[in-house]
Structure formats: structure tokens, C-alpha cells
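Trainee: My questions all concern the structure below.
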Amino acid sequence: MEFLYYFGDVFTPINFGLLLLGTIGGLILGATPGLSPTMAVALLIPFTFQLQAAQGLILLGAAYTSTVAGGAVSAILLKIPGAPANIATTLDGHTMAQKGEGAKALQISFLASAVGGIFGVLLLIFLTPVLAQWALAFGPSHLFWLAILGVTVIGSLDSKSVVKGLLSGCIGLWLATIGFDDIMGAQRFIFHPALGGGINIIAALIGLFAIPQVITMFAKGRKGDGAEVLKVQKHPISGAFRELFRNKRAMGIGTAVGSVIGLIPGVGGQIAGLVAYDQSKKFSPDRDKFGTGHPEGVIAAESANNAMVGPSLVPLLTLSIPGSPTAAVLLGGLLIHGIFPGTDLFDNHPDVAWTFINSMLIGQVLMCIFGLYVAGLAARVAQVPQSVMAAVVLGLAVFGSYSVQSSMGDVYVMAALGVMMYFLERFGFSAAPLVLGLILGPIAEANFIQGSMIANATDGLGPYFLGGTLNIFLIVVVIASIAYSGYMELRSRRYTSKEEIIA
Amino acid sequence: MSAPSLPRIQHMIGSGIVAAVGVWVTYISYTATPSEAFLFPRLIATVFVVLALWTFAKACLGWTKVGNGITPTQVKNLAPGLIIALIYIFWAAKGLGFYTATTIAFFILLSLYDPAPHGQLKSWLKRIAITAVFMVVMYGLFAKLLTVYTPREVFF
């Protein structure tokens, strides 16, 4: 119950102000199609440099939570999911809005998000300290395999092609080795002076997530979105509470599915929302009503995508392994303040850890309250033309990456990585494993070198890295995740081929 | 034998570049000194080059299933914006000064991609107003709030 001790810290004027700012800003950013939670959090990092660690994390955490929920606004009123996590919300939410139940859809979506989100953060609160203590048993070989696991799980589960996902991870791991070697001081792959100090994580994150989105907007040309905001009629909030209570099953399924999926590294909110929607439909006596503007669909999808937010931070805060691209960006936000997740965070900076986690709990409530009021404004912002969004994001990316170290080199790295990622994405590569490789590369290398030294003095490399129960378990999980994804990829192709033959 | 389709050629070029980088990384990792500094890069490079060559081989054989490539229309649409963005980042921001370059680049990009008609005075005034508001916000955020000293060079 250590978290209760730091609860008051969330309510200091600056902390609470930042929480409000992050929540309201996140709701508006989340409603904007094309601005994913990861990109929004990456663009916000430069604004946290001058803040204390806990304050910076409060801002980033609030933005993460509310961008996921804010995406429901454009999903319901414009039929454009604000983020991939809101795809399932569109199925029933927009139909409800078309039937004149837009306000009801928004209300139940924010209420379901808050319930799911609070459960997810409670899971984070109670699981994290236990796992952080367990992490003490990890030696260099285990941490090496954990870092590799983080890259391979996201590489295989987050990509449509297992090989390209793993290759993206390898590119990220290689990019992480650029610069001076920590032990020998040797130059590695420095083919431009801007790379002398290695690749700055924040500049890289901004480039990898923001620039491909900017180029994608350019690629659409001068056409408008043509999306029209549906009119919202007033609906009493008490009715939304009753609706939520009537659909306890969908709420429970969404929250449970989201929490479990959130704990699995690499499986994002999009999967959580769709799986919860599908399971809710299967267990519902009104399954025929799904897709026709049925509240159960909105409740299941929205409770799931917010329930996964808290658990997705468990691997990050305990084992330093970000479970999602947004968690990877949050790790970047921690590292700039010289704080390493895991036992260091809970032993040496408990105020930072618990203030941040508590703020996410309060943030869920604020998100629900403000979501209902900001929805109308957010829907208007969601109609901002792509041309404005592209230019704004480009400007923020350039200023943000420059402000990291006041270095033009970082701006060049940001732009080069961003353009490269756009083209790689067109050929089926994925940004998430590349980012994970870039972030986990130094952790993997440091533990590999440390482990090699221990191994040379003891049993040798093979027994040290491949022996022991925990090493074997981690290796089996790495192989199993790759094999499972490979199997699923082959199966989906077989189905696609069969459908093509039938068609 | 039919000629390879456009995406297939694109996949061959794309995966070919990745494979070439993989081969280069592997070569450097195994030949550069001191070898101790390249222990981890060697491990990565070995997996990297195997996966990259596999992907390249699949692209050459036309077995690539993932990734749509880029259509000529998309290239036509994105080219002006990308060129302006690259000139802005790699030359103008340092050469002209951050705020001047950002104002010019923002206004050009907005004008290039804004769906509003180019023949109306109202839409031009709107673009000028959006650019001005954006620059005021950026100046307030970065110069005043975060006190970031940006290159000022020829202008500002």
C-alpha cells in the first residue's frame, strides 16, 4: 500500500495542473486522426526537459491515457478512429451517432474507458512492486534475453510479416550500436559527424513516429477528408450510467481482455479493442445487434483499449522492457532524467514511480469528466485539414528534436530516420520493433558484455547464456512467439488464398 | 514470362537496399578493430544479414506478401512536400534561421496541400493567419517557455 503514501503529491498545484493539461490536450490530440498516442507522447517529450522527473511523467502519462480515450470522439462522430485502438469503437459508435445517439455513445465510451482504465492502473499498482522484487533475481544473461525477448515479441506480433518484423528489430539494434563503444571507446559505424555521439533516442522517436505520418499526409495530396461531424443531441448522464450497469458483461469482458492483452508485450490497444468486441459479441444474447449501433460494442471496445494502458507499463516499470511503442517513448522520458526503471525506480525514486502511477489513476477520472465536455471541441479539431496537421507536426518535430541537445545533428538524424521509416513502412517493415531495438540495444549489449566477462571467468559463453532454468524459459518464449506468429501468418495467407480462389 | 509488376520491382529495390546495408554492417563488424568493441554488433549483424538476404530473395522471387509499395500518384503528391521539408531541415533552418525557415516552409506546405481553392483571397488570408498563429505559439513555447536558443543565422 506504499502508493497511498504518495497520493497527495498528485494534488500539488503544478502536478495537478500538468495532469489537467495532459488530459485535456491528450483528448484533443487523440481525437485528431493521424496523431497516434505514441506520436503525441513523442512530440511532448521535449516539453518535459525542464520539468522534474515526476512532473514530466505525469504529463506524458496523462497524454497517453487520454489520447487513447479521445480517439473514440472521431471514431463515433466522424467514423475515423483517432488511433488504431479505436477501430472497434467505430463499428457501433458511429452507427449510434447516425441514429441520433451520439451523446449517449460518447458518454458510455468515456465511462467505459474510465472503468477499464482504473482497473488497468490498479493492476499496475499491485503487480509492479511484486515483479520489481522478482526482477532482482535477474542476472546479466537473463536481462540480455529479456531485451532480445522485447524486440522479438514486438517484431513478431506487431508486424504482418514475422521476418520483416524481426528484421526491423535488427535494424533498431544495429542503430543502437552507432557511436562510441562504452568499454573500448572505439568508433562504430560513424559515417557522418552528426552520429558521433550515437543516435539520440528522443530525436529518433520523434522522427520514426512523426515524419512517416507527415509524409503519409503529403501522399494524400490536396484532397480534404470529407468527414462530416454528426450533430450530437443532449442525453442525461444518468442514462449512460444505467446503460453501463445494464451491460456489465461487456464491461467485464472488455476490462479483462484489455488487462490481459496489456500485459503481453507487443500486443497493442487495437488488438485489445477488436478481441474484446469479438468476445463480447460471442457471449451476448443480442449478438445480432452488434454493428447496428449497439452500446455493448462501444463499451467492450473502449473498456478494453483503456484497460490495457496500465498493464502495458508493467514490463517497463519492473524489467525495463517496454511492452508497447508508447511505453518505449515513456522509457525515453524516464531516461532523460537519469532514471532507470526496475528496482532502481522503486528503491531510489519511489516518489517518482508512485506519483506517476497515482496520477494515471486520477487521470482516468479526469479523462472521463473532461471527455464529456471536450468531446464537441475535439470533434471540431479532428476536422483540421491534413495540410495544417502535416505542417504543424513537421514544425513540432524539427523544434522538438533540436531542443533535445540544441544540436542540428539531432534534427538531421530525426529527418533521415523518419524518411527512411516511411519508405520501410511502404514495404511492410514496422516502426515498433525498430524503436524497441533502438531502446533495448544498449541494455542488451551492456548485459551481453558483462555476461561474457562473467562467462569467460566461469563456465564459458554457452553454459552461461544458454543454461539455467530462467535462461531456458526466456529462450523458449522467444522461439515460441516467433513460431506462433509464423504459424498465424501462414494460416491467414492460406485463408486469403482460399477466399481468392472462391471469389 | 511476364515483366515484374511495379510493387515487385519496388520490393526488390527496397529489400535490396536493406540487404546491402546488412552486408556492409556485417563486413564492418567482422573486419573493424578492436574486435572486442564489435562483439555485440557481430551478433546482431549475423542475424540482420541472414534476414535481409532472405527478404531480398523473397522479393526477387515475387513471394513478398506484405507492403503495398508506392503508387505513381502518391509519389507525385508527396514529392513537392518532401522536397520542401528536406530543404527546410537540411539547409534553410541553419542557413536562414530557425523561425524564418519554419515560417516559409510552413506557409509553402500549407499552400501546397490545402484543399481550399488557390484563386480566392480569403483562403490566402486564412493561410497567412494560420501560419502567424503557429509561429507565435512556437516562439512562445520554445523561445520563451523552454528557452531553447535556435540558430538565428542570416535572419531570425
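FYI, nothing fancy with the C-alpha cells labels: chains A, B, ... in order, residues from 1 per chain, ligands from 1 as they appear.
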Would you list the contacts of Gly254 in chain A as a list in words, taking every protein, DNA or RNA residue within 9 Å and counting only C-alpha atoms, but skipping same-chain residues closer than 5 positions in sequence?
Mentor: Ala112, Gly116, Arg249, Ser259, Ala272, Gly273, Val275, Ala276, Tyr277, Gln279, Ser280, Ile299, Ala300, Ala301, Glu302, Ser303, Ala304, Asn305 and Ala307 of chain A
Trainee: Those residues with N, CA and C atoms, as a compact mmCIF listing (two decimals), in the first residue's frame please?
Mentor:
```txt
# COMPACT_ATOMS: atom_id res chain seq x y z
N ALA A 112 -16.94 3.85 -19.90
CA ALA A 112 -16.32 2.52 -20.03
C ALA A 112 -14.80 2.63 -20.02
N GLY A 116 -12.50 0.72 -17.27
CA GLY A 116 -11.42 -0.16 -17.75
C GLY A 116 -10.06 0.38 -17.35
N ARG A 249 -21.70 -7.33 -18.49
CA ARG A 249 -20.95 -8.43 -19.10
C ARG A 249 -19.92 -7.87 -20.10
N SER A 259 -6.88 -5.93 -19.95
CA SER A 259 -5.84 -6.06 -18.93
C SER A 259 -4.86 -7.17 -19.28
N ALA A 272 -6.57 -5.33 -28.50
CA ALA A 272 -7.41 -5.41 -27.30
C ALA A 272 -8.85 -5.04 -27.63
N GLY A 273 -9.05 -3.93 -28.35
CA GLY A 273 -10.39 -3.46 -28.70
C GLY A 273 -11.12 -4.47 -29.58
N VAL A 275 -10.46 -7.78 -30.04
CA VAL A 275 -10.70 -9.07 -29.37
C VAL A 275 -11.86 -8.93 -28.38
N ALA A 276 -11.87 -7.82 -27.61
CA ALA A 276 -12.95 -7.61 -26.64
C ALA A 276 -14.30 -7.49 -27.34
N TYR A 277 -14.31 -6.79 -28.45
CA TYR A 277 -15.55 -6.61 -29.23
C TYR A 277 -16.05 -7.99 -29.70
N GLN A 279 -15.28 -11.02 -28.50
CA GLN A 279 -15.68 -11.90 -27.39
C GLN A 279 -17.02 -11.47 -26.80
N SER A 280 -17.22 -10.15 -26.72
CA SER A 280 -18.48 -9.64 -26.20
C SER A 280 -19.63 -10.06 -27.10
N ILE A 299 -18.98 -0.27 -25.39
CA ILE A 299 -18.50 -0.50 -24.02
C ILE A 299 -17.34 -1.50 -24.01
N ALA A 300 -17.50 -2.61 -24.73
CA ALA A 300 -16.45 -3.64 -24.76
C ALA A 300 -15.16 -3.07 -25.34
N ALA A 301 -15.28 -2.38 -26.49
CA ALA A 301 -14.08 -1.88 -27.18
C ALA A 301 -13.37 -0.81 -26.35
N GLU A 302 -14.13 0.14 -25.82
CA GLU A 302 -13.49 1.25 -25.10
C GLU A 302 -12.94 0.84 -23.74
N SER A 303 -13.66 -0.08 -23.03
CA SER A 303 -13.11 -0.51 -21.74
C SER A 303 -11.81 -1.29 -21.97
N ALA A 304 -11.76 -2.05 -23.08
CA ALA A 304 -10.55 -2.86 -23.36
C ALA A 304 -9.36 -1.99 -23.71
N ASN A 305 -9.58 -1.01 -24.62
CA ASN A 305 -8.39 -0.26 -25.05
C ASN A 305 -7.82 0.64 -23.95
N ALA A 307 -8.18 -0.32 -20.61
CA ALA A 307 -7.71 -1.24 -19.57
C ALA A 307 -6.30 -1.71 -19.87
```
Trainee: If you run DSSP on the backbone here, which positions in chain B get alpha helix (DSSP H)? Please write them as a ChimeraX atom specification.
Mentor: /B:6-31,39-60,72-87,93-95,98-113,121-138
Trainee: Find the residues near Ala20 in chain B: any atom within 12 Å, counting only C-alpha atoms, skip ones fewer than 3 places away on the same chain, and give them as a compact mmCIF listing (two decimals) with N, CA and C atoms, in the first residue's frame.
Mentor:
```
# COMPACT_ATOMS: atom_id res chain seq x y z
N MET B 12 11.97 -5.31 -54.66
CA MET B 12 13.36 -5.73 -54.93
C MET B 12 14.33 -4.60 -54.59
N ILE B 13 13.95 -3.36 -54.99
CA ILE B 13 14.83 -2.21 -54.70
C ILE B 13 14.91 -1.98 -53.19
N GLY B 14 13.75 -1.95 -52.54
CA GLY B 14 13.70 -1.68 -51.10
C GLY B 14 14.45 -2.72 -50.30
N SER B 15 14.14 -4.00 -50.54
CA SER B 15 14.81 -5.04 -49.77
C SER B 15 16.27 -5.17 -50.19
N GLY B 16 16.56 -4.79 -51.46
CA GLY B 16 17.96 -4.81 -51.92
C GLY B 16 18.80 -3.82 -51.15
N ILE B 17 18.23 -2.62 -50.91
CA ILE B 17 18.97 -1.60 -50.14
C ILE B 17 19.18 -2.09 -48.70
N VAL B 23 24.81 -6.33 -45.44
CA VAL B 23 26.12 -6.87 -45.84
C VAL B 23 27.23 -5.93 -45.36
N TRP B 24 27.00 -4.61 -45.54
CA TRP B 24 28.00 -3.61 -45.12
C TRP B 24 28.22 -3.68 -43.60
N VAL B 25 27.13 -3.75 -42.85
CA VAL B 25 27.22 -3.80 -41.38
C VAL B 25 27.99 -5.07 -40.97
N THR B 26 27.68 -6.18 -41.62
CA THR B 26 28.35 -7.45 -41.29
C THR B 26 29.84 -7.36 -41.61
N TYR B 27 30.16 -6.79 -42.78
CA TYR B 27 31.56 -6.66 -43.19
C TYR B 27 32.34 -5.83 -42.17
N ALA B 45 24.63 -8.30 -36.50
CA ALA B 45 24.83 -8.26 -37.96
C ALA B 45 24.58 -9.62 -38.60
N PHE B 48 20.92 -10.00 -38.80
CA PHE B 48 20.48 -8.94 -39.71
C PHE B 48 20.68 -9.37 -41.17
N VAL B 49 21.91 -9.80 -41.48
CA VAL B 49 22.22 -10.11 -42.89
C VAL B 49 21.44 -11.34 -43.37
N VAL B 50 21.26 -12.33 -42.49
CA VAL B 50 20.51 -13.54 -42.89
C VAL B 50 19.06 -13.15 -43.23
N LEU B 51 18.43 -12.38 -42.33
CA LEU B 51 17.03 -11.98 -42.55
C LEU B 51 16.91 -11.06 -43.77
N ALA B 52 17.89 -10.16 -43.94
CA ALA B 52 17.84 -9.20 -45.06
C ALA B 52 17.98 -9.93 -46.39
N LEU B 53 18.90 -10.91 -46.45
CA LEU B 53 19.08 -11.65 -47.70
C LEU B 53 17.87 -12.52 -48.00
N THR B 55 14.78 -11.80 -47.12
CA THR B 55 13.74 -10.87 -47.60
C THR B 55 14.01 -10.48 -49.06
N PHE B 56 15.28 -10.24 -49.37
CA PHE B 56 15.65 -9.86 -50.74
C PHE B 56 15.35 -11.00 -51.72
```
Trainee: Do a neighbour search on Gly97 in chain B at 9 Å with only C-alpha atoms, toss out local chain neighbours closer than 2 positions, and write the hits as a list in words.
Mentor: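 Surrounding residues, per the criterion: Ala92, Ala93, Lys94, Gly95, Tyr99, Thr100, Ala101, Thr102, Thr150, Pro151, Arg152, Glu153, Val154, Phe155 and Phe156 of chain B.
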Trainee: Just N, CA and C atoms for this one: save the residues we selected as a PDB file, in the first residue's frame.
Mentor:
```
ATOM      1  N   ALA B  92      17.700  25.276 -44.952  1.00  0.00           N
ATOM      2  CA  ALA B  92      17.113  26.568 -44.565  1.00  0.00           C
ATOM      3  C   ALA B  92      17.134  26.831 -43.059  1.00  0.00           C
ATOM      4  N   ALA B  93      16.839  25.797 -42.246  1.00  0.00           N
ATOM      5  CA  ALA B  93      16.764  26.007 -40.795  1.00  0.00           C
ATOM      6  C   ALA B  93      18.081  26.565 -40.259  1.00  0.00           C
ATOM      7  N   LYS B  94      19.210  26.047 -40.782  1.00  0.00           N
ATOM      8  CA  LYS B  94      20.528  26.517 -40.333  1.00  0.00           C
ATOM      9  C   LYS B  94      20.942  27.766 -41.111  1.00  0.00           C
ATOM     10  N   GLY B  95      20.636  27.775 -42.418  1.00  0.00           N
ATOM     11  CA  GLY B  95      21.109  28.856 -43.285  1.00  0.00           C
ATOM     12  C   GLY B  95      20.356  30.160 -43.082  1.00  0.00           C
ATOM     13  N   TYR B  99      13.365  30.377 -37.164  1.00  0.00           N
ATOM     14  CA  TYR B  99      11.995  30.906 -37.224  1.00  0.00           C
ATOM     15  C   TYR B  99      11.633  31.357 -38.638  1.00  0.00           C
ATOM     16  N   THR B 100      12.585  31.983 -39.346  1.00  0.00           N
ATOM     17  CA  THR B 100      12.319  32.417 -40.726  1.00  0.00           C
ATOM     18  C   THR B 100      12.037  31.194 -41.591  1.00  0.00           C
ATOM     19  N   ALA B 101      12.926  30.201 -41.493  1.00  0.00           N
ATOM     20  CA  ALA B 101      12.781  28.996 -42.319  1.00  0.00           C
ATOM     21  C   ALA B 101      11.470  28.273 -42.009  1.00  0.00           C
ATOM     22  N   THR B 102      11.131  28.199 -40.724  1.00  0.00           N
ATOM     23  CA  THR B 102       9.898  27.491 -40.345  1.00  0.00           C
ATOM     24  C   THR B 102       8.679  28.230 -40.892  1.00  0.00           C
ATOM     25  N   THR B 150      17.762  28.771 -30.701  1.00  0.00           N
ATOM     26  CA  THR B 150      17.807  28.177 -32.040  1.00  0.00           C
ATOM     27  C   THR B 150      18.761  28.969 -32.930  1.00  0.00           C
ATOM     28  N   PRO B 151      19.304  28.333 -34.004  1.00  0.00           N
ATOM     29  CA  PRO B 151      20.210  29.076 -34.903  1.00  0.00           C
ATOM     30  C   PRO B 151      19.500  30.284 -35.506  1.00  0.00           C
ATOM     31  N   ARG B 152      20.149  31.449 -35.479  1.00  0.00           N
ATOM     32  CA  ARG B 152      19.489  32.673 -35.973  1.00  0.00           C
ATOM     33  C   ARG B 152      20.070  33.103 -37.315  1.00  0.00           C
ATOM     34  N   GLU B 153      21.322  32.794 -37.613  1.00  0.00           N
ATOM     35  CA  GLU B 153      21.997  32.971 -38.908  1.00  0.00           C
ATOM     36  C   GLU B 153      21.612  34.251 -39.652  1.00  0.00           C
ATOM     37  N   VAL B 154      21.229  34.138 -40.964  1.00  0.00           N
ATOM     38  CA  VAL B 154      21.009  35.327 -41.792  1.00  0.00           C
ATOM     39  C   VAL B 154      19.859  36.172 -41.240  1.00  0.00           C
ATOM     40  N   PHE B 155      18.760  35.535 -40.954  1.00  0.00           N
ATOM     41  CA  PHE B 155      17.596  36.281 -40.446  1.00  0.00           C
ATOM     42  C   PHE B 155      17.373  35.967 -38.959  1.00  0.00           C
ATOM     43  N   PHE B 156      16.288  35.224 -38.674  1.00  0.00           N
ATOM     44  CA  PHE B 156      15.901  35.007 -37.272  1.00  0.00           C
ATOM     45  C   PHE B 156      15.417  33.584 -37.100  1.00  0.00           C
TER      46      PHE B 156
END
```
Trainee: Output as JSON lines one row per residue of chain A within 7 Å of chain B: the closest atom pair and its distance in Å to one decimal place, counting only C-alpha atoms, sorted by chain and residue number ascending.
Mentor:
```
{"residue": "A:Lys160", "atom": "CA", "partner": "B:Val66", "partner_atom": "CA", "distance": 6.7}
{"residue": "A:Ser161", "atom": "CA", "partner": "B:Val66", "partner_atom": "CA", "distance": 6.5}
{"residue": "A:Val163", "atom": "CA", "partner": "B:Leu51", "partner_atom": "CA", "distance": 6.6}
{"residue": "A:Leu167", "atom": "CA", "partner": "B:Leu51", "partner_atom": "CA", "distance": 6.0}
{"residue": "A:Cys170", "atom": "CA", "partner": "B:Phe48", "partner_atom": "CA", "distance": 5.5}
{"residue": "A:Leu173", "atom": "CA", "partner": "B:Ile44", "partner_atom": "CA", "distance": 7.0}
{"residue": "A:Trp174", "atom": "CA", "partner": "B:Ile44", "partner_atom": "CA", "distance": 6.6}
{"residue": "A:Thr177", "atom": "CA", "partner": "B:Pro41", "partner_atom": "CA", "distance": 6.7}
{"residue": "A:Asp181", "atom": "CA", "partner": "B:Ala37", "partner_atom": "CA", "distance": 6.2}
{"residue": "A:Met184", "atom": "CA", "partner": "B:Ala37", "partner_atom": "CA", "distance": 6.1}
{"residue": "A:Ala186", "atom": "CA", "partner": "B:Ala37", "partner_atom": "CA", "distance": 6.4}
{"residue": "A:Ile215", "atom": "CA", "partner": "B:Leu78", "partner_atom": "CA", "distance": 6.4}
{"residue": "A:Phe218", "atom": "CA", "partner": "B:Leu78", "partner_atom": "CA", "distance": 4.7}
{"residue": "A:Ala219", "atom": "CA", "partner": "B:Leu78", "partner_atom": "CA", "distance": 4.3}
{"residue": "A:Lys220", "atom": "CA", "partner": "B:Asn77", "partner_atom": "CA", "distance": 6.5}
{"residue": "A:Gly221", "atom": "CA", "partner": "B:Asn77", "partner_atom": "CA", "distance": 4.9}
{"residue": "A:Arg222", "atom": "CA", "partner": "B:Tyr113", "partner_atom": "CA", "distance": 4.6}
{"residue": "A:Lys223", "atom": "CA", "partner": "B:Pro115", "partner_atom": "CA", "distance": 5.4}
{"residue": "A:Gly224", "atom": "CA", "partner": "B:Pro115", "partner_atom": "CA", "distance": 5.8}
{"residue": "A:Ser387", "atom": "CA", "partner": "B:Tyr113", "partner_atom": "CA", "distance": 5.1}
{"residue": "A:Val388", "atom": "CA", "partner": "B:Leu110", "partner_atom": "CA", "distance": 6.0}
{"residue": "A:Ala391", "atom": "CA", "partner": "B:Phe106", "partner_atom": "CA", "distance": 5.5}
{"residue": "A:Gly395", "atom": "CA", "partner": "B:Thr102", "partner_atom": "CA", "distance": 6.7}
{"residue": "A:Ser403", "atom": "CA", "partner": "B:Val148", "partner_atom": "CA", "distance": 6.0}
{"residue": "A:Tyr412", "atom": "CA", "partner": "B:Phe90", "partner_atom": "CA", "distance": 6.7}
{"residue": "A:Arg426", "atom": "CA", "partner": "B:Gly69", "partner_atom": "CA", "distance": 4.9}
{"residue": "A:Phe427", "atom": "CA", "partner": "B:Gly67", "partner_atom": "CA", "distance": 4.2}
{"residue": "A:Gly428", "atom": "CA", "partner": "B:Gly67", "partner_atom": "CA", "distance": 4.0}
{"residue": "A:Glu445", "atom": "CA", "partner": "B:Phe40", "partner_atom": "CA", "distance": 6.1}
```
Trainee: I'd like to know which residues of range 177-413 of chain A are strand (DSSP E or B) (by DSSP, run on the backbone); could you write them as a list in words?
Mentor: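 Here are the strand (DSSP E or B) residues of range 177-413 of chain A: Gly179, Phe180, Gln187 and Arg188 of chain A.
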Trainee: Interatomic distance between CA of Val435 in chain A and CA of Ala328 in chain A?
Mentor: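 Atom-to-atom, CA of Val435 in chain A and CA of Ala328 in chain A are spaced 7.4 Å apart.
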Trainee: Excluding same-chain residues fewer than 3 positions from Leu175 in chain A, what lies within 12 Å of it counting only C-alpha atoms, as a CSV table (one decimal) with C-alpha atoms, in the first residue's frame?
Mentor:
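Final file, selection-v1.csv:
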```csv
chain,number,residue,atom,x,y,z
A,168,SER,CA,13.1,-4.1,-38.3
A,169,GLY,CA,14.2,-5.1,-34.7
A,170,CYS,CA,17.7,-6.0,-36.0
A,171,ILE,CA,17.9,-2.6,-37.8
A,172,GLY,CA,17.0,-0.9,-34.5
A,178,ILE,CA,26.3,3.5,-33.7
A,179,GLY,CA,28.7,5.9,-31.9
A,188,ARG,CA,31.5,2.2,-34.6
A,189,PHE,CA,29.6,2.9,-37.9
A,190,ILE,CA,30.1,6.7,-37.6
A,195,LEU,CA,26.4,10.4,-35.5
A,198,GLY,CA,25.3,8.0,-31.3
A,199,ILE,CA,21.7,8.3,-32.1
A,200,ASN,CA,19.7,10.3,-29.7
A,201,ILE,CA,16.7,8.3,-28.6
A,204,ALA,CA,14.9,9.1,-33.2
A,413,VAL,CA,19.1,12.2,-37.6
A,417,LEU,CA,15.3,8.2,-39.8
A,434,LEU,CA,12.8,-0.8,-34.8
A,435,VAL,CA,12.2,1.5,-31.9
A,436,LEU,CA,12.3,-1.3,-29.4
A,437,GLY,CA,15.6,-2.4,-30.9
A,438,LEU,CA,17.0,1.1,-30.6
A,439,ILE,CA,15.9,1.4,-27.0
A,440,LEU,CA,16.8,-2.1,-25.8
A,441,GLY,CA,20.0,-2.3,-27.8
A,442,PRO,CA,22.2,-0.6,-25.2
B,21,VAL,CA,23.2,-2.2,-45.6
B,22,GLY,CA,23.1,-5.7,-43.9
B,25,VAL,CA,27.2,-3.8,-41.4
B,41,PRO,CA,27.4,-5.8,-33.4
B,44,ILE,CA,23.3,-8.5,-34.5
B,45,ALA,CA,24.8,-8.3,-38.0
B,48,PHE,CA,20.5,-8.9,-39.7
```
Trainee: Have a look at CA of Leu21 in chain A and CA of Ala75 in chain A and let me know their distance in Å, one decimal.
Mentor: 22.6 Å
Trainee: Just checking: using only C-alpha atoms, which residue out of A:Leu263, A:Val151, A:Leu461, A:Met39 ends up closest to Leu205 in chain A?
Mentor: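 Looking at the shortest contact to Leu205 in chain A, the residue is A:Met39.
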Trainee: What separation in Å, quoted to one decimal, exists between CA of Met488 in chain A and CA of Thr38 in chain A?
Mentor: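 Pair CA of Met488 in chain A / CA of Thr38 in chain A returns 26.1 Å.
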Trainee: Would you list the contacts of Gly150 in chain A as a list of chain:residue names, taking every protein, DNA or RNA residue within 10 Å and counting only C-alpha atoms, but skipping same-chain residues closer than 6 positions in sequence?
Mentor: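 The residues that qualify are A:Gly169, A:Pro265, A:Gly266, A:Pro315, A:Ser320, A:Ile321, A:Pro322, A:Gly323, A:Ser324, A:Pro433, A:Leu436, A:Gly437, A:Leu440, A:Val478.
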Trainee: What's the 8 Å shell around Leu394 in chain A, counting only C-alpha atoms, without same-chain residues fewer than 6 positions away, as an mmCIF file with C-alpha atoms, in the first residue's frame?
Mentor:
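Final output, out-v1.cif:
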```
data_model
loop_
_atom_site.group_PDB
_atom_site.id
_atom_site.type_symbol
_atom_site.label_atom_id
_atom_site.label_comp_id
_atom_site.auth_asym_id
_atom_site.auth_seq_id
_atom_site.Cartn_x
_atom_site.Cartn_y
_atom_site.Cartn_z
ATOM 1 C CA ALA A 210 6.062 11.755 -36.637
ATOM 2 C CA ILE A 211 7.795 12.053 -40.004
ATOM 3 C CA VAL A 214 3.704 13.766 -42.177
ATOM 4 C CA ALA B 85 10.649 19.600 -45.953
#
```
